[in-house]
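Here's coords_4.json, which has JSON, C-alpha atoms:
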[["chain", "number", "residue", "atom", "x", "y", "z"],
["A", 1, "MET", "CA", 76.33, 20.95, -40.01],
["A", 2, "ILE", "CA", 79.24, 18.65, -39.25],
["A", 3, "ASN", "CA", 82.74, 20.12, -39.41],
["A", 4, "ILE", "CA", 85.63, 17.71, -39.08],
["A", 5, "LEU", "CA", 89.02, 19.36, -38.75],
["A", 6, "ALA", "CA", 91.21, 16.90, -40.62],
["A", 7, "ILE", "CA", 94.98, 17.03, -40.20],
["A", 8, "ASP", "CA", 97.46, 15.17, -42.41],
["A", 9, "ILE", "CA", 100.93, 14.85, -40.86],
["A", 10, "GLY", "CA", 103.67, 14.15, -43.38],
["A", 11, "GLY", "CA", 107.43, 14.03, -43.14],
["A", 12, "THR", "CA", 107.79, 17.36, -44.94],
["A", 13, "HIS", "CA", 104.40, 19.05, -44.81],
["A", 14, "ILE", "CA", 101.41, 19.14, -42.50],
["A", 15, "LYS", "CA", 98.01, 19.88, -44.04],
["A", 16, "HIS", "CA", 94.61, 20.66, -42.65],
["A", 17, "GLY", "CA", 91.11, 21.21, -43.94],
["A", 18, "LEU", "CA", 87.47, 21.14, -42.92],
["A", 19, "VAL", "CA", 85.51, 18.12, -44.13],
["A", 20, "ASP", "CA", 81.73, 17.85, -43.95],
["A", 21, "GLU", "CA", 79.41, 14.84, -43.78],
["A", 22, "ILE", "CA", 79.47, 14.21, -47.54],
["A", 23, "GLY", "CA", 83.23, 14.46, -47.95],
["A", 24, "THR", "CA", 83.45, 18.02, -49.22],
["A", 25, "ILE", "CA", 86.68, 19.66, -48.13],
["A", 26, "SER", "CA", 87.30, 23.37, -47.60],
["A", 27, "THR", "CA", 89.57, 25.85, -45.80],
["A", 28, "MET", "CA", 92.66, 23.89, -46.76],
["A", 29, "ASN", "CA", 96.19, 24.92, -45.95],
["A", 30, "THR", "CA", 99.67, 23.44, -45.99],
["A", 31, "SER", "CA", 102.71, 24.32, -43.91],
["A", 32, "THR", "CA", 106.06, 22.82, -42.98],
["A", 33, "THR", "CA", 105.85, 19.95, -40.51],
["A", 34, "PRO", "CA", 107.15, 21.07, -37.10],
["A", 35, "THR", "CA", 110.54, 19.59, -36.27],
["A", 36, "ASP", "CA", 109.78, 18.83, -32.62],
["A", 37, "PHE", "CA", 106.86, 18.06, -30.33],
["A", 38, "LYS", "CA", 106.77, 21.57, -28.88],
["A", 39, "GLY", "CA", 106.40, 23.03, -32.36],
["A", 40, "PHE", "CA", 103.69, 20.48, -33.13],
["A", 41, "ILE", "CA", 101.69, 21.53, -30.08],
["A", 42, "GLU", "CA", 102.12, 25.19, -31.02],
["A", 43, "HIS", "CA", 100.85, 24.41, -34.51],
["A", 44, "LEU", "CA", 97.75, 22.70, -33.11],
["A", 45, "THR", "CA", 97.13, 25.61, -30.74],
["A", 46, "THR", "CA", 97.26, 28.00, -33.68],
["A", 47, "LEU", "CA", 94.74, 25.84, -35.53],
["A", 48, "LYS", "CA", 92.40, 25.96, -32.56],
["A", 49, "GLU", "CA", 92.56, 29.75, -32.56],
["A", 50, "GLN", "CA", 92.03, 29.86, -36.32],
["A", 51, "PHE", "CA", 88.84, 27.80, -36.12],
["A", 52, "GLN", "CA", 87.51, 29.14, -32.80],
["A", 53, "ASP", "CA", 84.43, 30.63, -34.49],
["A", 54, "ILE", "CA", 83.53, 27.39, -36.26],
["A", 55, "PRO", "CA", 81.70, 24.67, -34.30],
["A", 56, "LEU", "CA", 84.01, 21.72, -34.80],
["A", 57, "THR", "CA", 82.69, 18.18, -34.41],
["A", 58, "SER", "CA", 85.92, 16.23, -34.17],
["A", 59, "ILE", "CA", 89.62, 16.20, -34.98],
["A", 60, "ALA", "CA", 90.65, 13.52, -37.49],
["A", 61, "ILE", "CA", 94.34, 12.84, -38.02],
["A", 62, "SER", "CA", 96.20, 11.03, -40.78],
["A", 63, "SER", "CA", 99.59, 9.94, -39.49],
["A", 64, "PRO", "CA", 102.53, 7.81, -40.53],
["A", 65, "GLY", "CA", 103.12, 4.72, -38.41],
["A", 66, "LEU", "CA", 100.66, 2.45, -36.65],
["A", 67, "PRO", "CA", 98.14, 4.29, -34.45],
["A", 68, "GLN", "CA", 97.22, 2.28, -31.36],
["A", 69, "PRO", "CA", 93.95, 2.20, -29.39],
["A", 70, "ASP", "CA", 95.61, 3.93, -26.42],
["A", 71, "GLY", "CA", 96.45, 6.99, -28.53],
["A", 72, "THR", "CA", 100.13, 6.30, -29.15],
["A", 73, "ILE", "CA", 101.56, 5.72, -32.62],
["A", 74, "GLY", "CA", 103.78, 2.69, -33.13],
["A", 75, "ALA", "CA", 106.51, 1.91, -35.67],
["A", 76, "GLU", "CA", 108.83, 4.60, -37.04],
["A", 77, "SER", "CA", 108.56, 7.50, -39.48],
["A", 78, "ALA", "CA", 110.17, 10.71, -40.65],
["A", 79, "VAL", "CA", 108.43, 12.47, -37.73],
["A", 80, "PRO", "CA", 110.05, 10.82, -34.67],
["A", 81, "TYR", "CA", 108.16, 12.75, -31.98],
["A", 82, "LEU", "CA", 104.87, 11.22, -33.12],
["A", 83, "HIS", "CA", 106.11, 7.94, -31.69],
["A", 84, "GLN", "CA", 107.40, 9.40, -28.42],
["A", 85, "HIS", "CA", 104.18, 10.92, -27.06],
["A", 86, "ASN", "CA", 100.50, 10.06, -26.73],
["A", 87, "ILE", "CA", 99.29, 12.10, -29.69],
["A", 88, "LYS", "CA", 95.60, 11.46, -29.16],
["A", 89, "GLN", "CA", 95.70, 12.70, -25.58],
["A", 90, "ALA", "CA", 97.76, 15.73, -26.59],
["A", 91, "VAL", "CA", 95.26, 16.73, -29.28],
["A", 92, "GLU", "CA", 92.27, 16.11, -27.00],
["A", 93, "LYS", "CA", 93.83, 18.34, -24.36],
["A", 94, "ILE", "CA", 94.03, 21.23, -26.83],
["A", 95, "PHE", "CA", 90.68, 20.92, -28.61],
["A", 96, "HIS", "CA", 88.50, 19.17, -26.00],
["A", 97, "LEU", "CA", 86.90, 17.20, -28.83],
["A", 98, "PRO", "CA", 86.80, 13.55, -29.94],
["A", 99, "VAL", "CA", 90.00, 12.60, -31.78],
["A", 100, "VAL", "CA", 90.54, 9.79, -34.27],
["A", 101, "ILE", "CA", 93.93, 8.84, -35.70],
["A", 102, "GLU", "CA", 94.54, 6.54, -38.67],
["A", 103, "ASN", "CA", 97.55, 5.47, -40.71],
["A", 104, "ASP", "CA", 98.12, 7.68, -43.75],
["A", 105, "ALA", "CA", 97.93, 4.92, -46.38],
["A", 106, "ASN", "CA", 94.74, 3.63, -44.77],
["A", 107, "CYS", "CA", 93.30, 7.15, -44.95],
["A", 108, "ALA", "CA", 94.09, 7.38, -48.66],
["A", 109, "ALA", "CA", 92.31, 4.07, -49.22],
["A", 110, "LEU", "CA", 89.28, 5.07, -47.18],
["A", 111, "ALA", "CA", 88.96, 8.30, -49.15],
["A", 112, "GLU", "CA", 88.47, 6.12, -52.23],
["A", 113, "VAL", "CA", 85.88, 4.01, -50.41],
["A", 114, "TRP", "CA", 83.94, 7.08, -49.33],
["A", 115, "THR", "CA", 83.87, 9.25, -52.43],
["A", 116, "GLY", "CA", 86.42, 7.84, -54.88],
["A", 117, "LYS", "CA", 87.07, 4.92, -57.21],
["A", 118, "ALA", "CA", 86.14, 2.32, -54.58],
["A", 119, "LYS", "CA", 82.79, 3.81, -53.58],
["A", 120, "SER", "CA", 80.80, 1.23, -55.56],
["A", 121, "ILE", "CA", 82.91, -1.88, -54.97],
["A", 122, "ASP", "CA", 83.48, -4.20, -52.03],
["A", 123, "ASN", "CA", 87.12, -5.27, -52.20],
["A", 124, "ALA", "CA", 90.15, -3.27, -53.29],
["A", 125, "ALA", "CA", 93.89, -3.04, -52.85],
["A", 126, "VAL", "CA", 95.38, 0.45, -52.75],
["A", 127, "LEU", "CA", 99.06, 1.17, -53.47],
["A", 128, "ILE", "CA", 100.46, 4.55, -52.50],
["A", 129, "ILE", "CA", 103.68, 5.10, -54.44],
["A", 130, "GLY", "CA", 106.17, 7.73, -53.34],
["A", 131, "THR", "CA", 109.66, 7.57, -51.88],
["A", 132, "GLY", "CA", 108.56, 4.11, -50.76],
["A", 133, "ILE", "CA", 105.36, 2.11, -51.16],
["A", 134, "GLY", "CA", 102.48, 2.11, -48.71],
["A", 135, "GLY", "CA", 99.13, 0.50, -49.10],
["A", 136, "ALA", "CA", 95.92, -0.84, -47.68],
["A", 137, "LEU", "CA", 93.44, -3.64, -48.21],
["A", 138, "ILE", "CA", 89.72, -2.95, -48.37],
["A", 139, "GLN", "CA", 87.49, -5.94, -47.61],
["A", 140, "ASN", "CA", 83.72, -5.55, -47.66],
["A", 141, "ARG", "CA", 84.25, -1.77, -47.77],
["A", 142, "THR", "CA", 86.24, -1.69, -44.53],
["A", 143, "LEU", "CA", 89.94, -1.87, -43.74],
["A", 144, "HIS", "CA", 91.42, -5.33, -43.42],
["A", 145, "ARG", "CA", 94.20, -4.82, -40.87],
["A", 146, "GLY", "CA", 95.58, -8.32, -40.39],
["A", 147, "ALA", "CA", 96.92, -9.95, -37.24],
["A", 148, "ASP", "CA", 99.58, -7.30, -36.56],
["A", 149, "GLN", "CA", 98.02, -4.34, -38.42],
["A", 150, "HIS", "CA", 100.37, -4.90, -41.34],
["A", 151, "ALA", "CA", 97.86, -6.11, -43.93],
["A", 152, "GLY", "CA", 98.38, -3.97, -47.01],
["A", 153, "ASP", "CA", 101.98, -3.05, -46.19],
["A", 154, "PHE", "CA", 102.91, -4.03, -49.72],
["A", 155, "GLY", "CA", 106.19, -2.16, -49.55],
["A", 156, "TYR", "CA", 107.65, -4.99, -47.46],
["A", 157, "MET", "CA", 106.92, -7.74, -49.99],
["A", 158, "LEU", "CA", 110.07, -9.60, -51.01],
["A", 159, "LEU", "CA", 110.85, -9.70, -54.72],
["A", 160, "PRO", "CA", 113.87, -10.74, -56.78],
["A", 161, "ASN", "CA", 116.30, -7.90, -57.36],
["A", 162, "ARG", "CA", 117.31, -8.18, -61.00],
["A", 163, "GLU", "CA", 120.12, -5.70, -60.49],
["A", 164, "ASN", "CA", 122.16, -7.82, -58.08],
["A", 165, "GLY", "CA", 120.65, -11.29, -58.29],
["A", 166, "GLY", "CA", 119.42, -11.17, -54.70],
["A", 167, "TYR", "CA", 116.18, -10.06, -53.10],
["A", 168, "SER", "CA", 114.79, -6.78, -51.92],
["A", 169, "VAL", "CA", 111.56, -5.24, -50.69],
["A", 170, "PHE", "CA", 108.91, -3.89, -53.04],
["A", 171, "SER", "CA", 109.50, -0.31, -51.83],
["A", 172, "ARG", "CA", 113.11, -0.41, -52.92],
["A", 173, "LEU", "CA", 112.29, -1.87, -56.33],
["A", 174, "ALA", "CA", 109.10, -0.16, -57.50],
["A", 175, "SER", "CA", 108.80, 3.25, -55.86],
["A", 176, "THR", "CA", 109.55, 6.71, -57.19],
["A", 177, "GLY", "CA", 112.60, 6.53, -54.96],
["A", 178, "SER", "CA", 113.76, 3.40, -56.80],
["A", 179, "ILE", "CA", 113.71, 5.23, -60.15],
["A", 180, "ILE", "CA", 115.79, 8.08, -58.76],
["A", 181, "ARG", "CA", 118.26, 5.71, -57.10],
["A", 182, "ARG", "CA", 118.81, 3.70, -60.30],
["A", 183, "VAL", "CA", 119.47, 6.81, -62.37],
["A", 184, "ALA", "CA", 121.73, 8.43, -59.77],
["A", 185, "ASP", "CA", 123.76, 5.23, -59.36],
["A", 186, "LYS", "CA", 124.19, 4.72, -63.11],
["A", 187, "LYS", "CA", 125.23, 8.33, -63.64],
["A", 188, "ALA", "CA", 127.38, 8.47, -60.47],
["A", 189, "MET", "CA", 125.37, 11.46, -59.28],
["A", 190, "SER", "CA", 123.66, 12.41, -56.05],
["A", 191, "LYS", "CA", 120.05, 11.35, -55.62],
["A", 192, "ASN", "CA", 119.38, 14.94, -54.61],
["A", 193, "ASP", "CA", 120.04, 15.95, -58.22],
["A", 194, "TRP", "CA", 117.00, 14.02, -59.42],
["A", 195, "THR", "CA", 113.25, 13.89, -58.99],
["A", 196, "GLY", "CA", 110.81, 11.42, -60.44],
["A", 197, "GLU", "CA", 109.49, 14.09, -62.78],
["A", 198, "LYS", "CA", 113.00, 14.91, -63.99],
["A", 199, "VAL", "CA", 113.68, 11.23, -64.75],
["A", 200, "PHE", "CA", 110.49, 10.88, -66.79],
["A", 201, "ASN", "CA", 111.17, 14.12, -68.66],
["A", 202, "SER", "CA", 114.73, 13.04, -69.43],
["A", 203, "ALA", "CA", 113.47, 9.68, -70.67],
["A", 204, "GLU", "CA", 111.09, 11.41, -73.05],
["A", 205, "GLU", "CA", 114.04, 13.44, -74.34],
["A", 206, "GLY", "CA", 115.91, 10.24, -75.17],
["A", 207, "ASP", "CA", 118.04, 9.57, -72.07],
["A", 208, "ILE", "CA", 118.65, 5.81, -72.28],
["A", 209, "ILE", "CA", 119.59, 5.42, -68.60],
["A", 210, "CYS", "CA", 116.36, 7.11, -67.54],
["A", 211, "GLN", "CA", 114.37, 5.00, -69.99],
["A", 212, "GLU", "CA", 115.86, 1.81, -68.57],
["A", 213, "ALA", "CA", 115.18, 2.93, -64.98],
["A", 214, "ILE", "CA", 111.54, 3.56, -65.85],
["A", 215, "HIS", "CA", 111.27, 0.18, -67.58],
["A", 216, "GLN", "CA", 112.66, -1.52, -64.47],
["A", 217, "PHE", "CA", 110.22, 0.44, -62.32],
["A", 218, "TYR", "CA", 107.19, -0.66, -64.33],
["A", 219, "THR", "CA", 108.40, -4.26, -64.52],
["A", 220, "MET", "CA", 108.88, -4.56, -60.76],
["A", 221, "LEU", "CA", 105.64, -2.69, -60.07],
["A", 222, "GLY", "CA", 103.87, -5.11, -62.39],
["A", 223, "LEU", "CA", 105.35, -8.13, -60.60],
["A", 224, "GLY", "CA", 104.14, -6.83, -57.27],
["A", 225, "ILE", "CA", 100.69, -6.11, -58.66],
["A", 226, "PHE", "CA", 100.41, -9.62, -60.08],
["A", 227, "ASN", "CA", 101.27, -11.03, -56.64],
["A", 228, "ILE", "CA", 98.64, -8.86, -54.97],
["A", 229, "GLN", "CA", 96.09, -9.94, -57.59],
["A", 230, "TYR", "CA", 96.62, -13.63, -56.96],
["A", 231, "VAL", "CA", 96.91, -13.40, -53.18],
["A", 232, "TYR", "CA", 93.87, -11.18, -52.62],
["A", 233, "ASN", "CA", 92.00, -11.12, -55.95],
["A", 234, "PRO", "CA", 90.40, -7.69, -55.37],
["A", 235, "ASP", "CA", 87.85, -6.04, -57.62],
["A", 236, "VAL", "CA", 90.46, -3.40, -58.46],
["A", 237, "ILE", "CA", 93.98, -2.35, -57.54],
["A", 238, "LEU", "CA", 94.17, 1.42, -57.16],
["A", 239, "ILE", "CA", 97.35, 3.46, -57.55],
["A", 240, "GLY", "CA", 97.85, 6.65, -55.55],
["A", 241, "GLY", "CA", 100.72, 8.90, -54.57],
["A", 242, "GLY", "CA", 102.46, 11.66, -56.48],
["A", 243, "ILE", "CA", 103.22, 9.51, -59.51],
["A", 244, "SER", "CA", 99.51, 8.83, -60.01],
["A", 245, "THR", "CA", 99.14, 12.34, -61.46],
["A", 246, "ARG", "CA", 101.24, 11.30, -64.46],
["A", 247, "PRO", "CA", 98.76, 11.17, -67.40],
["A", 248, "THR", "CA", 100.36, 8.14, -69.08],
["A", 249, "LEU", "CA", 100.92, 6.07, -65.94],
["A", 250, "LEU", "CA", 97.96, 3.74, -66.38],
["A", 251, "ASP", "CA", 98.63, 3.02, -70.06],
["A", 252, "GLU", "CA", 102.33, 2.40, -69.46],
["A", 253, "LEU", "CA", 101.61, 0.15, -66.47],
["A", 254, "ASN", "CA", 99.02, -1.88, -68.37],
["A", 255, "GLN", "CA", 101.49, -2.37, -71.23],
["A", 256, "HIS", "CA", 103.99, -3.87, -68.81],
["A", 257, "LEU", "CA", 101.33, -6.04, -67.16],
["A", 258, "HIS", "CA", 100.45, -7.52, -70.56],
["A", 259, "GLN", "CA", 104.14, -8.06, -71.32],
["A", 260, "LEU", "CA", 104.55, -9.95, -68.05],
["A", 261, "GLN", "CA", 101.52, -12.09, -68.82],
["A", 262, "GLN", "CA", 102.99, -13.01, -72.20],
["A", 263, "GLU", "CA", 106.30, -13.98, -70.56],
["A", 264, "VAL", "CA", 104.64, -16.24, -67.97],
["A", 265, "GLU", "CA", 101.93, -18.36, -69.54],
["A", 266, "GLU", "CA", 100.52, -19.47, -66.17],
["A", 267, "THR", "CA", 99.24, -15.96, -65.46],
["A", 268, "LEU", "CA", 95.56, -16.31, -66.32],
["A", 269, "ILE", "CA", 94.25, -13.01, -65.01],
["A", 270, "ILE", "CA", 95.35, -9.51, -65.93],
["A", 271, "PRO", "CA", 94.92, -7.35, -62.82],
["A", 272, "LYS", "CA", 92.37, -4.57, -63.10],
["A", 273, "VAL", "CA", 94.29, -1.42, -62.23],
["A", 274, "ASP", "CA", 93.04, 2.14, -61.92],
["A", 275, "ILE", "CA", 94.17, 5.51, -60.57],
["A", 276, "CYS", "CA", 92.88, 6.89, -57.27],
["A", 277, "ASP", "CA", 90.44, 9.77, -57.66],
["A", 278, "HIS", "CA", 91.79, 11.69, -54.69],
["A", 279, "LYS", "CA", 95.26, 13.18, -54.92],
["A", 280, "SER", "CA", 96.97, 15.54, -52.49],
["A", 281, "HIS", "CA", 93.99, 15.83, -50.12],
["A", 282, "ALA", "CA", 93.15, 12.12, -49.98],
["A", 283, "ASN", "CA", 94.45, 11.67, -46.44],
["A", 284, "LEU", "CA", 92.33, 14.53, -45.12],
["A", 285, "ILE", "CA", 89.17, 13.07, -46.62],
["A", 286, "GLY", "CA", 90.00, 9.57, -45.43],
["A", 287, "ALA", "CA", 90.78, 10.73, -41.90],
["A", 288, "ALA", "CA", 87.39, 12.43, -41.69],
["A", 289, "TYR", "CA", 85.73, 9.26, -42.93],
["A", 290, "CYS", "CA", 87.35, 7.42, -40.02],
["A", 291, "TYR", "CA", 85.42, 9.64, -37.64],
["A", 292, "PHE", "CA", 82.11, 8.69, -39.23],
["A", 293, "GLN", "CA", 83.12, 5.03, -39.16],
["A", 294, "SER", "CA", 83.94, 5.30, -35.46],
["A", 295, "ILE", "CA", 80.51, 6.77, -34.76],
["A", 296, "LYS", "CA", 78.86, 4.01, -36.75],
["A", 297, "ALA", "CA", 80.83, 1.36, -34.86],
["A", 298, "SER", "CA", 79.93, 2.84, -31.47],
["A", 299, "ASN", "CA", 76.24, 2.78, -32.37],
["A", 300, "ASN", "CA", 76.28, -0.90, -33.33]]
Using structure tokens, write down the structure from this file.
Amino acid sequence: MINILAIDIGGTHIKHGLVDEIGTISTMNTSTTPTDFKGFIEHLTTLKEQFQDIPLTSIAISSPGLPQPDGTIGAESAVPYLHQHNIKQAVEKIFHLPVVIENDANCAALAEVWTGKAKSIDNAAVLIIGTGIGGALIQNRTLHRGADQHAGDFGYMLLPNRENGGYSVFSRLASTGSIIRRVADKKAMSKNDWTGEKVFNSAEEGDIICQEAIHQFYTMLGLGIFNIQYVYNPDVILIGGGISTRPTLLDELNQHLHQLQQEVEETLIIPKVDICDHKSHANLIGAAYCYFQSIKASNN
């Protein structure tokens, strides 16, 4: 039996779980992300001891940033030490096993390809909505990375900022963080006083400022989705991230997409949008899938 120890490194939490050859996940746990590299190594050493009686096949890691072939991780993230050391070599030194590392948004997308909403389609765009917006492009059931590995980094798309008449990036206009920022600014409060869930609950209770912030969120999200639709024309655009657990998200988003189509008569196609199947453990499943893809590639 194959046992992949999958590790998902986030800015706040680090998760792990065992994933088998059909994508079933077990022995999951979550803890606080270590604040420094020494703590990270200690955490990995503890994991090795925890699973010493289980024959592990590989270590598969979901990480922020841009993992490089040499084992380093480029770009920046909320976990600075990941970009200051060769993470692949460090993990190999502890476990003495093959190690694969993939970007977290890519892992979420690959989880859908393996056992989720994209398992029966060829081409998809995946948006991961949280404090910002991440994403990935799936082409012929594999990741399309682009010339500089930034294909699918939808959060950096430039869009008009209706609030100030200028321009801003998609992440600042259509993320959960954007909703919180709009409400906090309008109410002259700290962003720490709000969560996405609190904004939606307040809107349902009649708070006009929260209602307007949510309307702006859906409008800007819809604009970005229309752009993705016409640039890439995927079979489906999948929405993941914490907000994807909201039961009414899809209906509310589709309403705004239809409103945008009515406002701009040249829009001939309504994007097909759906919610990712995998939620909080998506990155673990996708990271494990990367291992199987690496084996497949090495055999070709």
- prompt: Pick the closest to Val91 of chain A from A:Ala105, A:Leu44, A:Ile121, A:Leu110: which is it, counting all atoms listed in the file?
  reply: A:Leu44
Distance cut-off 8 Å, centre (111.2, -7.2, -51.8) in file coordinates, counting only C-alpha atoms: which residues qualify? Return them as a tab-separated table (two decimals) with C-alpha atoms, keeping the file's coordinate frame.
chain	number	residue	atom	x	y	z
A	155	GLY	CA	106.19	-2.16	-49.55
A	156	TYR	CA	107.65	-4.99	-47.46
A	157	MET	CA	106.92	-7.74	-49.99
A	158	LEU	CA	110.07	-9.60	-51.01
A	159	LEU	CA	110.85	-9.70	-54.72
A	160	PRO	CA	113.87	-10.74	-56.78
A	161	ASN	CA	116.30	-7.90	-57.36
A	167	TYR	CA	116.18	-10.06	-53.10
A	168	SER	CA	114.79	-6.78	-51.92
A	169	VAL	CA	111.56	-5.24	-50.69
A	170	PHE	CA	108.91	-3.89	-53.04
A	171	SER	CA	109.50	-0.31	-51.83
A	172	ARG	CA	113.11	-0.41	-52.92
A	173	LEU	CA	112.29	-1.87	-56.33
task: Using only C-alpha atoms, determine which residues lie at most 10 Å from segment 60-77 of chain A, disregarding the query and same-chain residues fewer than 4 positions distant; provide the list as an NGL selection string.
output: :A and (4-11 or 14-16 or 18-19 or 81-91 or 98-108 or 134 or 148-150 or 282-292)
Tell me which protein, DNA and RNA residues are within 9 Å of Pro34 of chain A, counting all atoms listed in the file, leaving out same-chain ones fewer than 3 positions away, and put them as a short mmCIF file (atom, residue, chain, number, x, y, z; two decimals) with C-alpha atoms, in the coordinates of the input.
data_model
loop_
_atom_site.label_atom_id
_atom_site.label_comp_id
_atom_site.auth_asym_id
_atom_site.auth_seq_id
_atom_site.Cartn_x
_atom_site.Cartn_y
_atom_site.Cartn_z
CA THR A 12 107.79 17.36 -44.94
CA HIS A 13 104.40 19.05 -44.81
CA ILE A 14 101.41 19.14 -42.50
CA SER A 31 102.71 24.32 -43.91
CA PHE A 37 106.86 18.06 -30.33
CA LYS A 38 106.77 21.57 -28.88
CA GLY A 39 106.40 23.03 -32.36
CA PHE A 40 103.69 20.48 -33.13
CA ILE A 41 101.69 21.53 -30.08
CA GLU A 42 102.12 25.19 -31.02
CA HIS A 43 100.85 24.41 -34.51
CA VAL A 79 108.43 12.47 -37.73
#
- prompt: What lies within 9 Å of Ile138 of chain A using only C-alpha atoms, ignoring chain neighbours under 6 positions off, as a PyMOL selection string?
  reply: chain A and resi 109-110+113+118+122-126+144-145+152+234
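Ranking A:Ile128, A:Ala111, A:Ile275, A:Met220 by their shortest atom-to-atom distance to Pro247 of chain A, with only C-alpha atoms included, puts A:Ile275 first.
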Straight-line distance linking atom CA of Gly222 of chain A with atom CA of Leu260 of chain A, stated in Å to one decimal: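 Separating atom CA of Gly222 of chain A from atom CA of Leu260 of chain A is a distance of 7.5 Å.
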Using only C-alpha atoms, which residues sit within 9 Å of segment 248-259 of chain A once same-chain residues fewer than 6 positions away are excluded, as a CSV table (one decimal) with C-alpha atoms, in the frame of the given file?
chain,number,residue,atom,x,y,z
A,215,HIS,CA,111.3,0.2,-67.6
A,218,TYR,CA,107.2,-0.7,-64.3
A,219,THR,CA,108.4,-4.3,-64.5
A,221,LEU,CA,105.6,-2.7,-60.1
A,222,GLY,CA,103.9,-5.1,-62.4
A,223,LEU,CA,105.4,-8.1,-60.6
A,225,ILE,CA,100.7,-6.1,-58.7
A,226,PHE,CA,100.4,-9.6,-60.1
A,239,ILE,CA,97.4,3.5,-57.6
A,270,ILE,CA,95.4,-9.5,-65.9
A,271,PRO,CA,94.9,-7.4,-62.8
A,272,LYS,CA,92.4,-4.6,-63.1
A,273,VAL,CA,94.3,-1.4,-62.2
A,274,ASP,CA,93.0,2.1,-61.9
A,275,ILE,CA,94.2,5.5,-60.6
query: Quick one, how far is atom CA of Lys279 of chain A from atom CA of Ala203 of chain A?
result: 24.3 Å
Can segment 13-29 of chain A be brought up to N, CA and C atoms and written out as a PDB file, in the frame of the given file?
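Written output follows (selection-v8.pdb):
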ATOM      1  N   HIS A  13     105.479  18.077 -44.946  1.00  0.00           N
ATOM      2  CA  HIS A  13     104.400  19.050 -44.810  1.00  0.00           C
ATOM      3  C   HIS A  13     103.283  18.520 -43.912  1.00  0.00           C
ATOM      4  N   ILE A  14     102.605  19.453 -43.274  1.00  0.00           N
ATOM      5  CA  ILE A  14     101.410  19.140 -42.500  1.00  0.00           C
ATOM      6  C   ILE A  14     100.257  19.940 -43.109  1.00  0.00           C
ATOM      7  N   LYS A  15      99.157  19.252 -43.386  1.00  0.00           N
ATOM      8  CA  LYS A  15      98.010  19.880 -44.040  1.00  0.00           C
ATOM      9  C   LYS A  15      96.812  19.847 -43.115  1.00  0.00           C
ATOM     10  N   HIS A  16      95.875  20.731 -43.363  1.00  0.00           N
ATOM     11  CA  HIS A  16      94.610  20.660 -42.650  1.00  0.00           C
ATOM     12  C   HIS A  16      93.490  21.155 -43.546  1.00  0.00           C
ATOM     13  N   GLY A  17      92.280  20.759 -43.203  1.00  0.00           N
ATOM     14  CA  GLY A  17      91.110  21.210 -43.940  1.00  0.00           C
ATOM     15  C   GLY A  17      89.853  20.814 -43.196  1.00  0.00           C
ATOM     16  N   LEU A  18      88.766  21.486 -43.490  1.00  0.00           N
ATOM     17  CA  LEU A  18      87.470  21.140 -42.920  1.00  0.00           C
ATOM     18  C   LEU A  18      86.752  20.190 -43.873  1.00  0.00           C
ATOM     19  N   VAL A  19      86.230  19.111 -43.330  1.00  0.00           N
ATOM     20  CA  VAL A  19      85.510  18.120 -44.130  1.00  0.00           C
ATOM     21  C   VAL A  19      84.114  17.958 -43.555  1.00  0.00           C
ATOM     22  N   ASP A  20      83.103  17.997 -44.432  1.00  0.00           N
ATOM     23  CA  ASP A  20      81.730  17.850 -43.950  1.00  0.00           C
ATOM     24  C   ASP A  20      81.251  16.414 -44.087  1.00  0.00           C
ATOM     25  N   GLU A  21      79.950  16.197 -43.846  1.00  0.00           N
ATOM     26  CA  GLU A  21      79.410  14.840 -43.780  1.00  0.00           C
ATOM     27  C   GLU A  21      79.312  14.138 -45.123  1.00  0.00           C
ATOM     28  N   ILE A  22      79.500  14.859 -46.222  1.00  0.00           N
ATOM     29  CA  ILE A  22      79.470  14.210 -47.540  1.00  0.00           C
ATOM     30  C   ILE A  22      80.850  14.190 -48.191  1.00  0.00           C
ATOM     31  N   GLY A  23      81.861  14.547 -47.443  1.00  0.00           N
ATOM     32  CA  GLY A  23      83.230  14.460 -47.950  1.00  0.00           C
ATOM     33  C   GLY A  23      83.724  15.677 -48.681  1.00  0.00           C
ATOM     34  N   THR A  24      82.988  16.778 -48.611  1.00  0.00           N
ATOM     35  CA  THR A  24      83.450  18.020 -49.220  1.00  0.00           C
ATOM     36  C   THR A  24      84.492  18.672 -48.320  1.00  0.00           C
ATOM     37  N   ILE A  25      85.583  19.104 -48.915  1.00  0.00           N
ATOM     38  CA  ILE A  25      86.680  19.660 -48.130  1.00  0.00           C
ATOM     39  C   ILE A  25      86.854  21.141 -48.451  1.00  0.00           C
ATOM     40  N   SER A  26      87.142  21.926 -47.423  1.00  0.00           N
ATOM     41  CA  SER A  26      87.300  23.370 -47.600  1.00  0.00           C
ATOM     42  C   SER A  26      88.337  23.888 -46.608  1.00  0.00           C
ATOM     43  N   THR A  27      88.639  25.166 -46.705  1.00  0.00           N
ATOM     44  CA  THR A  27      89.570  25.850 -45.800  1.00  0.00           C
ATOM     45  C   THR A  27      90.868  25.072 -45.647  1.00  0.00           C
ATOM     46  N   MET A  28      91.438  24.688 -46.783  1.00  0.00           N
ATOM     47  CA  MET A  28      92.660  23.890 -46.760  1.00  0.00           C
ATOM     48  C   MET A  28      93.901  24.767 -46.670  1.00  0.00           C
ATOM     49  N   ASN A  29      94.916  24.211 -46.028  1.00  0.00           N
ATOM     50  CA  ASN A  29      96.190  24.920 -45.950  1.00  0.00           C
ATOM     51  C   ASN A  29      97.310  23.916 -45.721  1.00  0.00           C
TER      52      ASN A  29
END
